[in-house]
Amino acid sequence: MGHKGRRATFALISFLFCFLSLMSTWAYAQRVVDDDIASIKSLLSSRQFERAEKSAMLLLERALQQQNYPADELLGLGKTLKKASRFTVAKSMLAATLEQYTAHANLEKMSLTLLSLASVERHLANYTAAMAYAQRAMSLAHLERNEELKAKLNLEIGIIHHMQGDVESALTPFKDALGFFRVTRDTQQTSETLVHIADTYHLLNETALSRTYYEDALTLLSTEDSNSILIGTIKIRIGNAQKEEGFFDNAVATISEGLNLLLAADNKKGVAEAQIALGETFIAMGNSSKGFALIQEAMAFAQSSAHAVLIKQARLALAQALLNENNFEQALVYAREGTADARKDKDIRSQLTFLSLQFSAYVSLNEFKKALDIQAVIQQLRALLLNSHNMSAIEGLQAEIELVRQSTAFEQLKESKQLALAQAERENLSTTLFWSLTLAGILSLFLIWSRYRQRQQTVLLAREVKQQTLALQQKNDELKQAYSVLEEVSLRDRLTGLYNRHYLESHLPGELRRSQFAAKQDCNDKKSNSDLLCLLIDIDFFKRINDDYGHIAGDEVLSGFAKVLKDAFRQTDLIIRWGGEEFLVVCRQSNREDLPKLAERCREMVASTPFDIGLTSPIYITCSIGFSLLPPNHMEDFEVLWEQTFEVIDYALYATKLSGRNGWVGVIEIHDEISVHQTPLDAKFKFPGSRIATSFNNVASIKWPEIHEE
């Protein structure tokens, strides 16, 4: 061997030695990482959280010193830390993982990491950051056309909206996620989505509806090899509902079942949530010491893991319990802390809850100035929440747009199948051409085979189109049901359960047209039941009730007043919460001669009904009523005269108040000829004359409002 040969051999041996050394170093480093991760998981299982977090941060620091650190292992560890509620460390681990995947343009792993980061930020109450991560992941999911990831992201986005109290905005992504998971028969994800929808309806005080969703989710899981953590979570929610309904023994049993499942699964967050629910139930049953101990234990875990939602739940439970125990000063501490965090998170619902607790505490401490200041803020927030509800509910009613999108997706699927079929045909044609040049005798047989294959593909495609059509019909039915629920939420007043102005605006034109048609058919029969009757009812001295007893008592009076109206009028009559203490009743298919009788029955029932507002004895109230035909003159344009009709009944109501209240004044009909005995009402509305009815001595005793010339 010459000199050059020896040098080449030496170089080859050196290269092999370096390569083997690098491989050995890499294998050793990998074993070290695997050992460290196993050690951290062991520490988490034994609840040595501080040691686990320190070890995780040391591992992350060593990994970042490498140019290509093991991103997959760090992603798995980040998810493990998140599951153990160590959110701050999990956030750092996942952020480093995202950086590595981004550097290598691994879009699929980037999407999964962004989803985990969104969940972590949401648990830390960093909702803006959480939504930003979720939207980034959604963009990647659209790019990759990953429908399953889109559904999971819709679920996460819905939870983020829910955590901020924006419940209407949460419903649309929840429905999108639910539709996908049901079509793919993903039982676990379907049940989880049902639970979050139930949580949303619970925030809207739809307790019965939310409990139905919880039970549906539990029933669905009972048919599968189920997730014990999810079952435990659902049982806690059902137990909470039982507690709110006053079934404390049932609540303790149900929550305890859920707690045992979560303990067995070592789900620390779920255990803390169960402790809070169980603690609240024990306190409600009179076992305060046991209840406080459970809630304090949950609070300690929540603070150690920086779990914002658990901290809010524990604060709320402690503040309410301390308020019931007359420990007002300590209750104020938790209520103020909860208010500050809710304000920082822009969570209006939570602000209202904690401010209400502050208000009760200040009243109990006789610090009325502070209580009034708190009440003013509560009123502002309620108005803001009402406005946001109206806008969000209108947006939620556009859920049918999702049906169009799903229909479009179905058509795209059909087109893609046809494209695949055409591609297969081109391939068959190319193959046929090749063989025709070499094996002419086989051409006929091949063409027959090709056509047979085409027919088979057509049959398969038709079968799949039929299956997709059935699936689309199922989605359509689900959306119609969701639309009905959303419409019911948006058309009713939250406090009284009566219809609101939006409902009246959507139904009144049709009622007017029907009444107009009936009036023309029976134009000479004034005893026919073709009239629309309109009564405007106002609670007398309602402001005095709020001033003397508080707004909570006022709300009780409004709720009770609504029940009296339901008893006084027919089920077919439209009863509307017009605003404040004013209520509007529209009686369909009635006779104008019944107006005085209806007004007197309503006045008498209100005056004789005791209203329980939490005092030792109930209070009694009265009401004032103005009424008219709707509209006053059947020969006029119905739709144009609605505004004038309301002005007439409002003017009549004002006259009732000026004449002494607890009575009624109204117009039964408008004369066609000019009357010599015109009233101020005729002069104001330029009526030829009118027939007036009143509960006072006579028409002459009515004190009319002054008419100001424009």
# chains A, B, ... in the order shown; residues from 1 in each chain; ligands from 1

$ residues_around --residues "stretch 311-315 of chain A" --least-positions-apart "3" --cutoff "8 Å" --atoms "only C-alpha atoms" --output "compact mmCIF listing (two decimals) with C-alpha atoms, in the first residue's frame"
# COMPACT_ATOMS: atom_id res chain seq x y z
CA ILE A 276 -65.69 23.19 45.56
CA ILE A 295 -63.13 24.73 49.38
CA GLN A 296 -59.89 25.95 51.03
CA ALA A 298 -59.31 23.40 46.31
CA MET A 299 -58.26 27.07 46.53
CA ALA A 302 -55.84 26.42 42.21
CA GLN A 303 -53.40 29.09 43.41
CA ALA A 306 -52.36 29.41 38.61
CA HIS A 307 -55.67 27.97 37.42
CA ALA A 308 -57.72 31.17 36.97
CA LEU A 318 -65.97 31.26 49.87
CA ALA A 319 -67.47 34.74 49.53
CA TYR A 334 -62.80 37.52 48.34
CA ALA A 335 -65.49 39.51 46.50
CA GLY A 338 -62.88 38.32 42.30

$ atom_distance --atom1 "atom CA of A:Ser304" --atom2 "atom CA of A:Thr254"
27.4 Å

$ residues_around --residues "A:Cys534" --least-positions-apart "5" --cutoff "8 Å" --atoms "only C-alpha atoms" --output "number ranges by chain"
A: 584-587, 627-630, 649

$ select_by_dssp --residues "stretch 25-153 of chain A" --states "alpha helix (DSSP H)" --output "ChimeraX atom specification"
/A:25-45,49-64,71-83,87-103,107-123,127-144,147-153

$ closest_residue --among "A:Tyr133, A:Phe301, A:Phe354, A:Phe248" --to "A:Ala284" --atoms "only C-alpha atoms"
A:Phe248

$ atom_distance --atom1 "atom CA of A:Trp704" --atom2 "atom CA of A:Lys686"
15.4 Å

$ residues_around --residues "stretch 558-564 of chain A" --least-positions-apart "4" --cutoff "7 Å" --atoms "only C-alpha atoms" --output "NGL selection string"
:A and (495-496 or 554 or 568 or 606 or 611)

$ write_last_selection --atoms "N, CA and C atoms" --output "tab-separated table (two decimals), in the first residue's frame"
chain	number	residue	atom	x	y	z
A	495	LEU	N	-85.92	38.37	32.91
A	495	LEU	CA	-86.41	38.43	34.29
A	495	LEU	C	-87.80	37.83	34.42
A	496	THR	N	-88.74	38.26	33.58
A	496	THR	CA	-90.13	37.87	33.75
A	496	THR	C	-90.53	36.66	32.93
A	554	GLY	N	-87.61	44.81	43.88
A	554	GLY	CA	-88.28	45.27	42.66
A	554	GLY	C	-88.36	44.19	41.61
A	568	ALA	N	-104.60	36.82	34.36
A	568	ALA	CA	-105.68	37.74	34.03
A	568	ALA	C	-106.09	37.65	32.56
A	606	VAL	N	-104.59	42.55	40.30
A	606	VAL	CA	-103.33	43.11	40.80
A	606	VAL	C	-103.51	43.66	42.20
A	611	PHE	N	-97.75	40.27	47.21
A	611	PHE	CA	-96.45	40.06	46.57
A	611	PHE	C	-95.40	39.80	47.64

$ closest_residue --among "A:Leu316, A:Ile576, A:Ala56, A:Val665" --to "A:Lys597" --atoms "only C-alpha atoms"
A:Val665

$ atom_distance --atom1 "atom CA of A:Gln473" --atom2 "atom CA of A:Glu156"
26.0 Å

$ residues_around --residues "stretch 116-119 of chain A" --least-positions-apart "6" --cutoff "7 Å" --atoms "only C-alpha atoms" --output "PyMOL selection string"
chain A and resi 91+94+130-131+133-134

$ closest_residue --among "A:Thr609, A:Ser506, A:Ser92, A:Thr128" --to "A:Val557" --atoms "only C-alpha atoms"
A:Thr609

$ closest_residue --among "A:Pro631, A:Gly497, A:Pro705, A:Gly286" --to "A:Thr656" --atoms "only C-alpha atoms"
A:Pro705
